[in-house]
Amino acid sequence: MRDQTRDKVTAPRVRAAKGGPKLKMITAYDAPSARIADAAGADIVLVGDSLANVVLGRETTLTVTMNDMVHHTRAVSGTGPAALVVGDMPWLSYHVSVEETVRNAGRFVQEGGAESVKLEGGRKRLPMIQAVLDAEIPVMGHLGLTPQSVNAMGGYRVQGKHLEAARGLIADARALDAAGVFSIVLEGVPDLLAELITKEVSAPTIGIGAGAHVDGQVLVFHDLLGLGDGHVAKFVRQYANLTEVATAAVERWFHDVETGEFPSEEETYHMPEEVAKALLSDDSMVET
Ligand code: KIV
């Protein structure tokens, strides 16, 4: 349960944190990752649709469903973190209609225990974002390299490198800010553009592959800890190689099984001596 020495982080507190210490956001998908993120002092835990890539082993985020996301959000929120829990709305859950969007955002809160949701996209998604906000659900925006647009973008490419595209992203950020999102993720954009947007909007920006001049940073849990498939993007700093650590641990256990060193006396249950004697004296029992 929640670290009682930390105040609960809320969406209004995040929005008010602009200009203060850098915000720290990390993804989590289950109880162990949520507990680690919270114990380390995360301000925000994002149950990202990167679930598709790093947990379910898929190529893109496009196949992850509302049911998948709600299931994993429940696991994260169930740990009672001090960090704000953000549920990442999957592709098609907020594209069809305003009504469907509000219902799906509501599922994150009612069934998943999330305290806010994240949606990719700018002005195009404004009616949906506005409706979710009207339903009293705090919204985090996400601009730049939005992975759910991989097919439309023709791959995972840095966005906003050209003048018109950069101006478009600034307009998107202004629109999200005016709508009242509590923060905006900027992913895969040049650092100058991220800096300009950060100065332009009152909501804190949280960067991933967006340089240093943003209000906070986010990384994917498995990337940061070296639990991925070996491929790491340029913007990832890997602080551990848990795949190596875990593989070595499992190898040691297999070795101990092979040599008979596992299990030891301390790792074994015994029955009371008299029960053992009686059992062994049964005629049908083979002598040990
Ligand atoms: O799904 C995710 O992990 C994300 C972050 C990279 C921002 O959207």
# chains A, B, ... in the order shown; residues from 1 in each chain; ligands from 1
$ residues_near_ligand --ligand "ligand 1" --cutoff "6 Å" --atoms "only C-alpha atoms and all ligand atoms" --output "list of chain:residue names"
A:Thr27, A:Gly48, A:Asp49, A:Ser50, A:Val220
$ closest_atom_pairs --of "range 174-253 of chain A" --to "range 148-166 of chain A" --cutoff "8 Å" --atoms "only C-alpha atoms" --output "tab-separated table"
residue	atom	partner	partner_atom	distance
A:Gly188	CA	A:Val158	CA	4.8
A:Val189	CA	A:Gln159	CA	5.2
A:Pro190	CA	A:Lys161	CA	6.6
A:Leu193	CA	A:Ala166	CA	6.8
$ select_by_dssp --residues "range 117-208 of chain A" --states "helix (DSSP H, G or I)" --output "PyMOL selection string"
chain A and resi 123-134+147-153+163-179+191-200
$ write_last_selection --atoms "N, CA and C atoms" --output "compact mmCIF listing (two decimals), in the first residue's frame"
# COMPACT_ATOMS: atom_id res chain seq x y z
N ARG A 123 -5.21 19.14 -32.26
CA ARG A 123 -6.50 19.78 -32.55
C ARG A 123 -7.54 18.80 -33.06
N LYS A 124 -7.08 17.81 -33.85
CA LYS A 124 -7.99 16.80 -34.40
C LYS A 124 -8.79 16.10 -33.31
N ARG A 125 -8.20 15.93 -32.15
CA ARG A 125 -8.83 15.16 -31.05
C ARG A 125 -9.51 16.06 -30.01
N LEU A 126 -9.55 17.35 -30.30
CA LEU A 126 -10.05 18.30 -29.31
C LEU A 126 -11.48 18.02 -28.81
N PRO A 127 -12.43 17.70 -29.71
CA PRO A 127 -13.80 17.43 -29.21
C PRO A 127 -13.82 16.28 -28.21
N MET A 128 -13.01 15.25 -28.48
CA MET A 128 -12.95 14.09 -27.57
C MET A 128 -12.31 14.50 -26.24
N ILE A 129 -11.23 15.23 -26.32
CA ILE A 129 -10.51 15.65 -25.10
C ILE A 129 -11.43 16.53 -24.24
N GLN A 130 -12.12 17.46 -24.91
CA GLN A 130 -13.04 18.35 -24.20
C GLN A 130 -14.13 17.57 -23.48
N ALA A 131 -14.67 16.57 -24.16
CA ALA A 131 -15.75 15.77 -23.57
C ALA A 131 -15.26 14.98 -22.36
N VAL A 132 -14.05 14.44 -22.44
CA VAL A 132 -13.50 13.69 -21.30
C VAL A 132 -13.28 14.64 -20.12
N LEU A 133 -12.76 15.82 -20.42
CA LEU A 133 -12.57 16.82 -19.35
C LEU A 133 -13.92 17.21 -18.74
N ASP A 134 -14.94 17.34 -19.60
CA ASP A 134 -16.27 17.70 -19.11
C ASP A 134 -16.85 16.61 -18.19
N PRO A 147 2.97 7.08 -31.33
CA PRO A 147 3.12 5.73 -31.88
C PRO A 147 1.85 5.14 -32.51
N GLN A 148 0.67 5.59 -32.06
CA GLN A 148 -0.56 5.06 -32.67
C GLN A 148 -0.72 5.54 -34.10
N SER A 149 0.07 6.54 -34.53
CA SER A 149 -0.01 7.04 -35.91
C SER A 149 1.09 6.43 -36.78
N VAL A 150 1.67 5.32 -36.33
CA VAL A 150 2.83 4.76 -37.05
C VAL A 150 2.56 4.55 -38.54
N ASN A 151 1.39 4.05 -38.87
CA ASN A 151 1.10 3.79 -40.29
C ASN A 151 0.93 5.09 -41.05
N ALA A 152 0.26 6.06 -40.45
CA ALA A 152 0.06 7.36 -41.10
C ALA A 152 1.39 8.10 -41.25
N MET A 153 2.29 7.95 -40.28
CA MET A 153 3.58 8.66 -40.33
C MET A 153 4.58 7.94 -41.23
N LEU A 163 9.39 23.48 -40.90
CA LEU A 163 8.74 24.68 -40.37
C LEU A 163 7.24 24.51 -40.17
N GLU A 164 6.55 24.02 -41.21
CA GLU A 164 5.09 23.91 -41.12
C GLU A 164 4.69 22.91 -40.04
N ALA A 165 5.43 21.80 -40.00
CA ALA A 165 5.12 20.76 -39.00
C ALA A 165 5.37 21.30 -37.60
N ALA A 166 6.45 22.06 -37.44
CA ALA A 166 6.77 22.62 -36.12
C ALA A 166 5.68 23.61 -35.70
N ARG A 167 5.27 24.46 -36.65
CA ARG A 167 4.19 25.42 -36.33
C ARG A 167 2.90 24.68 -35.96
N GLY A 168 2.65 23.59 -36.68
CA GLY A 168 1.43 22.79 -36.42
C GLY A 168 1.46 22.22 -35.00
N LEU A 169 2.62 21.74 -34.57
CA LEU A 169 2.72 21.16 -33.23
C LEU A 169 2.58 22.23 -32.15
N ILE A 170 3.08 23.44 -32.45
CA ILE A 170 2.90 24.54 -31.48
C ILE A 170 1.41 24.87 -31.36
N ALA A 171 0.73 24.89 -32.49
CA ALA A 171 -0.72 25.18 -32.47
C ALA A 171 -1.48 24.08 -31.72
N ASP A 172 -1.06 22.84 -31.92
CA ASP A 172 -1.69 21.72 -31.21
C ASP A 172 -1.50 21.88 -29.69
N ALA A 173 -0.28 22.21 -29.31
CA ALA A 173 0.03 22.34 -27.88
C ALA A 173 -0.78 23.48 -27.26
N ARG A 174 -0.88 24.59 -27.98
CA ARG A 174 -1.68 25.72 -27.47
C ARG A 174 -3.14 25.30 -27.29
N ALA A 175 -3.66 24.55 -28.26
CA ALA A 175 -5.07 24.13 -28.20
C ALA A 175 -5.32 23.19 -27.02
N LEU A 176 -4.41 22.24 -26.81
CA LEU A 176 -4.57 21.31 -25.68
C LEU A 176 -4.49 22.07 -24.36
N ASP A 177 -3.56 23.01 -24.31
CA ASP A 177 -3.37 23.80 -23.08
C ASP A 177 -4.63 24.61 -22.78
N ALA A 178 -5.18 25.23 -23.81
CA ALA A 178 -6.38 26.05 -23.61
C ALA A 178 -7.57 25.18 -23.20
N ALA A 179 -7.60 23.93 -23.69
CA ALA A 179 -8.70 23.03 -23.32
C ALA A 179 -8.62 22.64 -21.85
N ASP A 191 14.79 19.34 -29.87
CA ASP A 191 14.82 19.98 -28.54
C ASP A 191 14.35 21.44 -28.57
N LEU A 192 14.68 22.16 -29.66
CA LEU A 192 14.27 23.58 -29.71
C LEU A 192 12.75 23.70 -29.74
N LEU A 193 12.11 22.82 -30.51
CA LEU A 193 10.65 22.85 -30.59
C LEU A 193 10.04 22.53 -29.22
N ALA A 194 10.60 21.53 -28.55
CA ALA A 194 10.09 21.17 -27.21
C ALA A 194 10.26 22.34 -26.25
N GLU A 195 11.38 23.04 -26.37
CA GLU A 195 11.64 24.19 -25.49
C GLU A 195 10.63 25.31 -25.76
N LEU A 196 10.38 25.56 -27.05
CA LEU A 196 9.42 26.62 -27.41
C LEU A 196 8.02 26.29 -26.90
N ILE A 197 7.62 25.04 -27.10
CA ILE A 197 6.28 24.62 -26.63
C ILE A 197 6.21 24.74 -25.11
N THR A 198 7.27 24.32 -24.45
CA THR A 198 7.30 24.37 -22.97
C THR A 198 7.11 25.80 -22.48
N LYS A 199 7.72 26.77 -23.19
CA LYS A 199 7.58 28.18 -22.79
C LYS A 199 6.18 28.71 -23.13
N GLU A 200 5.59 28.11 -24.15
CA GLU A 200 4.33 28.61 -24.70
C GLU A 200 3.10 28.20 -23.88
$ select_by_dssp --residues "range 119-259 of chain A" --states "strand (DSSP E or B)" --output "list of chain:residue names"
A:Val139, A:Met140, A:Gly141, A:His142, A:Leu143, A:Gly144, A:Ser183, A:Ile184, A:Val185, A:Leu186, A:Glu187, A:Thr205, A:Ile206, A:Gly207, A:Ile208, A:Gly216, A:Gln217, A:Val218, A:Leu219
